[in-house]
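Q: First the structure, which I've put down as structure tokens, then a few questions once you've had a look.
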Amino acid sequence: MESKDDQFSEKPLFTSLLLKWFEQNARKLPWKEGKDPYQIWVSEIILQQTRVDQGLPYYHRFISQFPTIFDLAKAHEDHLMEVWRGLGYYSRVRNMQITARLIVENYNGKFPADRNELIKLKGIGPYTAAAMLSFAFNQPFAVVDGNVVRVLSRISGVKKPYSSPEGRKLIEQKAEQYLDKTNPGIYNQAILDFGATWCTPQKPKCSTCFFKENCDACKNEIVHLLPVRKQKLAKKTRYFIFFLIYDESGQLALQKRSDKDIWRSLYELPQIELTDFEENNVKEALAGYLKNNFNHFIPTCHFLQQSFQLLTHQKINARFYQLNGFQTIQSAEYQFNFVNIKNLCKFAFPKIIEKFLKSINIIHC
DNA sequence: AACCCGGGGAT
DNA sequence: ATCCCAGGGTT
């Protein structure tokens, strides 16, 4: 009686309040019903980077198609993909079958209750291992997923991104500190449900939160700023000038891009890259290019058009010029090749090049 | 450490 | 459009 109270009061305040919150607010989810490691594993893999609402119907279908790990191990790949279709991240299900076969072969169909063993399995990383160990085997491992990072960042005011070594250390330390080691499964479920339904990314329910008096982010009114995400690299802006060059027989000059940069191994027009499109800079670059590459007979140079392309990490500015009066005899050491424009369809171009070639009506595919 | 994998819901 | 989701594998 007294020991029970002592035990309760020894828990961190956050832990006690979270467990109390969970008593009233637990989500009912099918994989919480039993403690079958196989079903828990299936649910955790499905829920990687996937919302519960989205994954739920897939979970039911998966379990009905592959009720045991033996069914999964001997399933045909087409059947797997049919069940997984539309869920995304398809390597998840391929890795599942690799792991299922290994578990059947080496472990008689039963997952080992050992983190060092689980973590070796395809598709099981730190999160999924902790989830399986705590949910199925009641071992004291704290889950750390997007929900947990958000909750802990806010209540503890962690301003380092989880992706940084310092941020990761802080969060993992807090996760370990708050974990209820006597009931790790319950605690982990609680913090996941709390993150998913209360301490949400947008519009968290701070005004009715059990922890608002103690939450660092809430007290300092920086909830909306946490967690700090890894800074996306600023979009680099690049400036290319592409040259449309025909030889005497009407063939077009192309060159292949290197393996290092964007558009690797695609084809493009002969090109120079500038630091900007400031007028004098462009003039100098053009003059230099013509002088260095066509020193016996300088072609004339006409501006055709300008265009833009937005990539994930880069903003591309492109200008296109046509060079007239090119003479093949001087081309021996050029890095580009001349291609019959009838064959242009065979080459893979960056979107911005393809768009240009279509705009001047020399490819149609 | 950076990049890749993906469809979908919320804003 | 952008963010983010019960992350993990590869290079």
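Following the order of the structure tokens, chains are lettered A, B, ..., residues in each are numbered from 1, and ligands are numbered from 1.
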For Leu56 of chain A, work out the shell of residues within 9 Å, counting only C-alpha atoms (C1' of nucleotides) and skipping chain neighbours fewer than 6 positions away, then give it as JSON, numbers by chain.
A: {"A": [29, 30, 43, 46, 47]}
Q: Save the residues we just selected, N, CA and C atoms, as a PDB file, in the first residue's frame?
A:
ATOM      1  N   LEU A  29      -6.732   0.360 -30.774  1.00  0.00           N
ATOM      2  CA  LEU A  29      -6.142  -0.107 -32.017  1.00  0.00           C
ATOM      3  C   LEU A  29      -5.980  -1.620 -31.959  1.00  0.00           C
ATOM      4  N   PRO A  30      -6.208  -2.273 -33.089  1.00  0.00           N
ATOM      5  CA  PRO A  30      -6.307  -3.740 -33.086  1.00  0.00           C
ATOM      6  C   PRO A  30      -5.048  -4.440 -32.597  1.00  0.00           C
ATOM      7  N   SER A  43       2.203  -4.416 -37.559  1.00  0.00           N
ATOM      8  CA  SER A  43       1.640  -3.074 -37.372  1.00  0.00           C
ATOM      9  C   SER A  43       2.734  -2.015 -37.363  1.00  0.00           C
ATOM     10  N   ILE A  46       4.008  -1.342 -40.924  1.00  0.00           N
ATOM     11  CA  ILE A  46       3.012  -0.599 -41.700  1.00  0.00           C
ATOM     12  C   ILE A  46       2.983   0.864 -41.274  1.00  0.00           C
ATOM     13  N   LEU A  47       3.176   1.097 -39.986  1.00  0.00           N
ATOM     14  CA  LEU A  47       3.022   2.463 -39.487  1.00  0.00           C
ATOM     15  C   LEU A  47       4.281   3.311 -39.619  1.00  0.00           C
TER      16      LEU A  47
END
Q: Residues of chain B no more than 6 Å from chain A, counting only C-alpha atoms (C1' of nucleotides): send them over as a list of chain:residue names.
A: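 Residues passing the distance filter: B:DC5, B:DG6, B:DG7.
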Q: Compare A:Glu82, A:Glu23, A:Asp193, A:Asp180 by their minimum atom-to-atom distance to chain C, counting only C-alpha atoms (C1' of nucleotides), and give me the closest one.
A: A:Asp193
Q: Once you count only C-alpha atoms (C1' of nucleotides), which residues of chain A turn out to be within 9 Å of chain C? Could you give them as an MDAnalysis selection string?
A: chainID A and resid 43:52 92 122:128 131 143 145:147 192 201
Q: Give me every strand (DSSP E) residue in segment 218-302 of chain A, going by DSSP on the backbone, as a PyMOL selection string.
A: chain A and resi 236-245+252-256+267-268+271-274+300-302
Q: With DSSP run on the backbone, what are the alpha helix (DSSP H) residues within segment 40-99 of chain A? I'd like them as JSON, numbers by chain.
A: {"A": [40, 41, 42, 43, 44, 45, 46, 52, 53, 54, 55, 56, 57, 58, 59, 60, 61, 62, 63, 64, 65, 69, 70, 71, 72, 73, 77, 78, 79, 80, 81, 82, 83, 84, 91, 92, 93, 94, 95, 96, 97, 98, 99]}
Q: Taking 5 positions as the minimum chain separation for residues in the same chain, which residues sit within 9 Å of Val339 of chain A when counting only C-alpha atoms (C1' of nucleotides)? Answer as a PDB file with N, CA and C atoms, in the first residue's frame.
A:
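Written file, out.pdb:
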ATOM      1  N   GLY A 250      23.552  19.820 -90.415  1.00  0.00           N
ATOM      2  CA  GLY A 250      22.334  19.991 -89.624  1.00  0.00           C
ATOM      3  C   GLY A 250      22.252  19.121 -88.384  1.00  0.00           C
ATOM      4  N   GLN A 251      23.371  18.536 -88.003  1.00  0.00           N
ATOM      5  CA  GLN A 251      23.369  17.738 -86.768  1.00  0.00           C
ATOM      6  C   GLN A 251      23.579  18.655 -85.559  1.00  0.00           C
ATOM      7  N   LEU A 252      23.047  18.197 -84.435  1.00  0.00           N
ATOM      8  CA  LEU A 252      23.039  19.038 -83.235  1.00  0.00           C
ATOM      9  C   LEU A 252      24.096  18.570 -82.226  1.00  0.00           C
ATOM     10  N   ALA A 253      24.778  19.534 -81.627  1.00  0.00           N
ATOM     11  CA  ALA A 253      25.809  19.201 -80.632  1.00  0.00           C
ATOM     12  C   ALA A 253      25.172  18.852 -79.291  1.00  0.00           C
ATOM     13  N   LEU A 254      25.544  17.692 -78.739  1.00  0.00           N
ATOM     14  CA  LEU A 254      25.093  17.266 -77.410  1.00  0.00           C
ATOM     15  C   LEU A 254      26.301  16.860 -76.592  1.00  0.00           C
ATOM     16  N   LEU A 344      17.036  12.460 -81.616  1.00  0.00           N
ATOM     17  CA  LEU A 344      17.017  13.139 -80.318  1.00  0.00           C
ATOM     18  C   LEU A 344      16.149  12.413 -79.295  1.00  0.00           C
TER      19      LEU A 344
END
